[in-house]
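Please read the structure below before turning to the comments.
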Amino acid sequence: MIRRLWMSLPRLVRFMLTHIANGMVLGCSALLLAIWTDFAGIGGVVARDGSGLATFLLFFQTAMTFGAVSMGIAVMNLGED
(Lines give C-alpha, C1' and ligand atoms only; values in the text may rest on other atoms or scores of the structure.)
Protein backbone atom coordinates (compact mmCIF):
# COMPACT_ATOMS: atom_id res chain seq x y z
CA MET A 1 0.00 0.00 0.00
CA ILE A 2 2.67 2.52 1.02
CA ARG A 3 5.01 1.40 -1.76
CA ARG A 4 2.24 1.91 -4.31
CA LEU A 5 1.61 5.40 -2.94
CA TRP A 6 5.36 6.17 -3.00
CA MET A 7 5.68 4.97 -6.59
CA SER A 8 2.65 7.03 -7.67
CA LEU A 9 4.48 10.24 -6.75
CA PRO A 10 6.26 12.04 -9.56
CA ARG A 11 9.91 11.07 -9.93
CA LEU A 12 11.22 14.54 -9.04
CA VAL A 13 9.11 14.67 -5.86
CA ARG A 14 10.47 11.28 -4.77
CA PHE A 15 13.99 12.52 -5.53
CA MET A 16 13.52 15.62 -3.39
CA LEU A 17 11.83 13.81 -0.49
CA THR A 18 14.56 11.18 -0.42
CA HIS A 19 17.31 13.78 -0.22
CA ILE A 20 15.45 15.84 2.37
CA ALA A 21 14.99 12.77 4.56
CA ASN A 22 18.66 11.82 4.20
CA GLY A 23 19.72 15.32 5.26
CA MET A 24 17.34 15.30 8.22
CA VAL A 25 18.74 11.99 9.46
CA LEU A 26 22.28 13.27 9.04
CA GLY A 27 21.45 16.49 10.89
CA CYS A 28 19.77 14.71 13.80
CA SER A 29 22.69 12.30 14.02
CA ALA A 30 25.16 15.18 14.16
CA LEU A 31 23.06 16.89 16.83
CA LEU A 32 22.88 13.73 18.92
CA LEU A 33 26.67 13.49 18.71
CA ALA A 34 26.99 17.13 19.78
CA ILE A 35 24.63 16.54 22.73
CA TRP A 36 26.42 13.34 23.74
CA THR A 37 29.86 15.00 23.69
CA ASP A 38 28.44 18.23 25.24
CA PHE A 39 29.91 20.28 22.40
CA ALA A 40 29.63 24.01 23.22
CA GLY A 41 27.47 23.18 26.25
CA ILE A 42 24.55 21.89 24.17
CA GLY A 43 24.20 18.77 26.32
CA GLY A 44 23.89 20.88 29.46
CA VAL A 45 21.21 23.07 27.92
CA VAL A 46 19.20 20.03 26.87
CA ALA A 47 19.65 18.45 30.32
CA ARG A 48 18.29 21.59 32.05
CA ASP A 49 15.31 21.86 29.69
CA GLY A 50 12.29 20.83 31.73
CA SER A 51 9.56 21.39 29.16
CA GLY A 52 11.30 19.84 26.17
CA LEU A 53 10.66 22.93 24.06
CA ALA A 54 14.34 23.79 23.62
CA THR A 55 15.12 20.20 22.65
CA PHE A 56 12.26 20.12 20.14
CA LEU A 57 13.30 23.43 18.57
CA LEU A 58 16.94 22.38 18.41
CA PHE A 59 16.11 19.13 16.63
CA PHE A 60 13.48 20.72 14.37
CA GLN A 61 15.72 23.55 13.18
CA THR A 62 18.73 21.28 12.71
CA ALA A 63 16.68 18.74 10.73
CA MET A 64 15.17 21.45 8.51
CA THR A 65 18.56 23.07 7.85
CA PHE A 66 20.38 19.85 7.00
CA GLY A 67 17.42 18.63 4.92
CA ALA A 68 17.31 21.84 2.89
CA VAL A 69 21.07 21.83 2.33
CA SER A 70 21.00 18.19 1.24
CA MET A 71 18.16 18.83 -1.18
CA GLY A 72 19.89 21.93 -2.53
CA ILE A 73 23.12 20.07 -3.18
CA ALA A 74 21.23 17.23 -4.89
CA VAL A 75 19.30 19.63 -7.13
CA MET A 76 22.44 21.55 -8.06
CA ASN A 77 24.13 18.29 -9.06
CA LEU A 78 21.25 17.13 -11.29
CA GLY A 79 22.87 18.32 -14.50
CA GLU A 80 26.16 16.54 -13.89
CA ASP A 81 26.78 12.98 -15.07
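Chain labels A, B, ... are given in the sequence in which chains occur in the C-alpha coordinates; within each chain residues are numbered consecutively from 1, and ligands are likewise numbered from 1 in the order shown.
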- Message: So that I can check the secondary structure, give me every residue of chain A assigned helix (DSSP H, G or I) by backbone DSSP, as a PyMOL selection string.
- Response: chain A and resi 2-8+11-36+39-48+53-76
Given only C-alpha atoms, how would the per-residue table for stretch 29-67 of chain A near stretch 1-24 of chain A read, listing every residue at most 7 Å away with its closest atom pair and distance in Å to one decimal, sorted by chain and number, as a tab-separated table?
```
residue	atom	partner	partner_atom	distance
A:Ala63	CA	A:Met24	CA	4.3
A:Met64	CA	A:Met24	CA	6.5
A:Phe66	CA	A:Gly23	CA	4.9
A:Gly67	CA	A:Gly23	CA	4.0
```
Output the selection as an mmCIF file, in the first residue's frame - N, CA and C atoms for each residue.
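Written file, part10.cif:
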```
data_model
loop_
_atom_site.group_PDB
_atom_site.id
_atom_site.type_symbol
_atom_site.label_atom_id
_atom_site.label_comp_id
_atom_site.auth_asym_id
_atom_site.auth_seq_id
_atom_site.Cartn_x
_atom_site.Cartn_y
_atom_site.Cartn_z
ATOM 1 N N ALA A 63 17.186 19.649 11.773
ATOM 2 C CA ALA A 63 16.681 18.744 10.734
ATOM 3 C C ALA A 63 16.268 19.526 9.484
ATOM 4 N N MET A 64 15.597 20.652 9.661
ATOM 5 C CA MET A 64 15.170 21.445 8.507
ATOM 6 C C MET A 64 16.378 22.023 7.762
ATOM 7 N N PHE A 66 19.626 20.898 7.688
ATOM 8 C CA PHE A 66 20.380 19.853 7.000
ATOM 9 C C PHE A 66 19.569 19.274 5.835
ATOM 10 N N GLY A 67 18.262 19.136 5.999
ATOM 11 C CA GLY A 67 17.421 18.635 4.916
ATOM 12 C C GLY A 67 17.419 19.567 3.714
#
```
- Message: Using only C-alpha atoms, can you tell me which of A:Leu78, A:Ala34, A:Cys28, A:Ile73 comes closest to A:Phe56?
- Response: A:Cys28
- Message: I'd like the interatomic distance between atom CA of A:Ser51 and atom CA of A:Ser29, to a tenth of an Å.
- Response: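 Here the two named atoms are 22.0 Å from each other.
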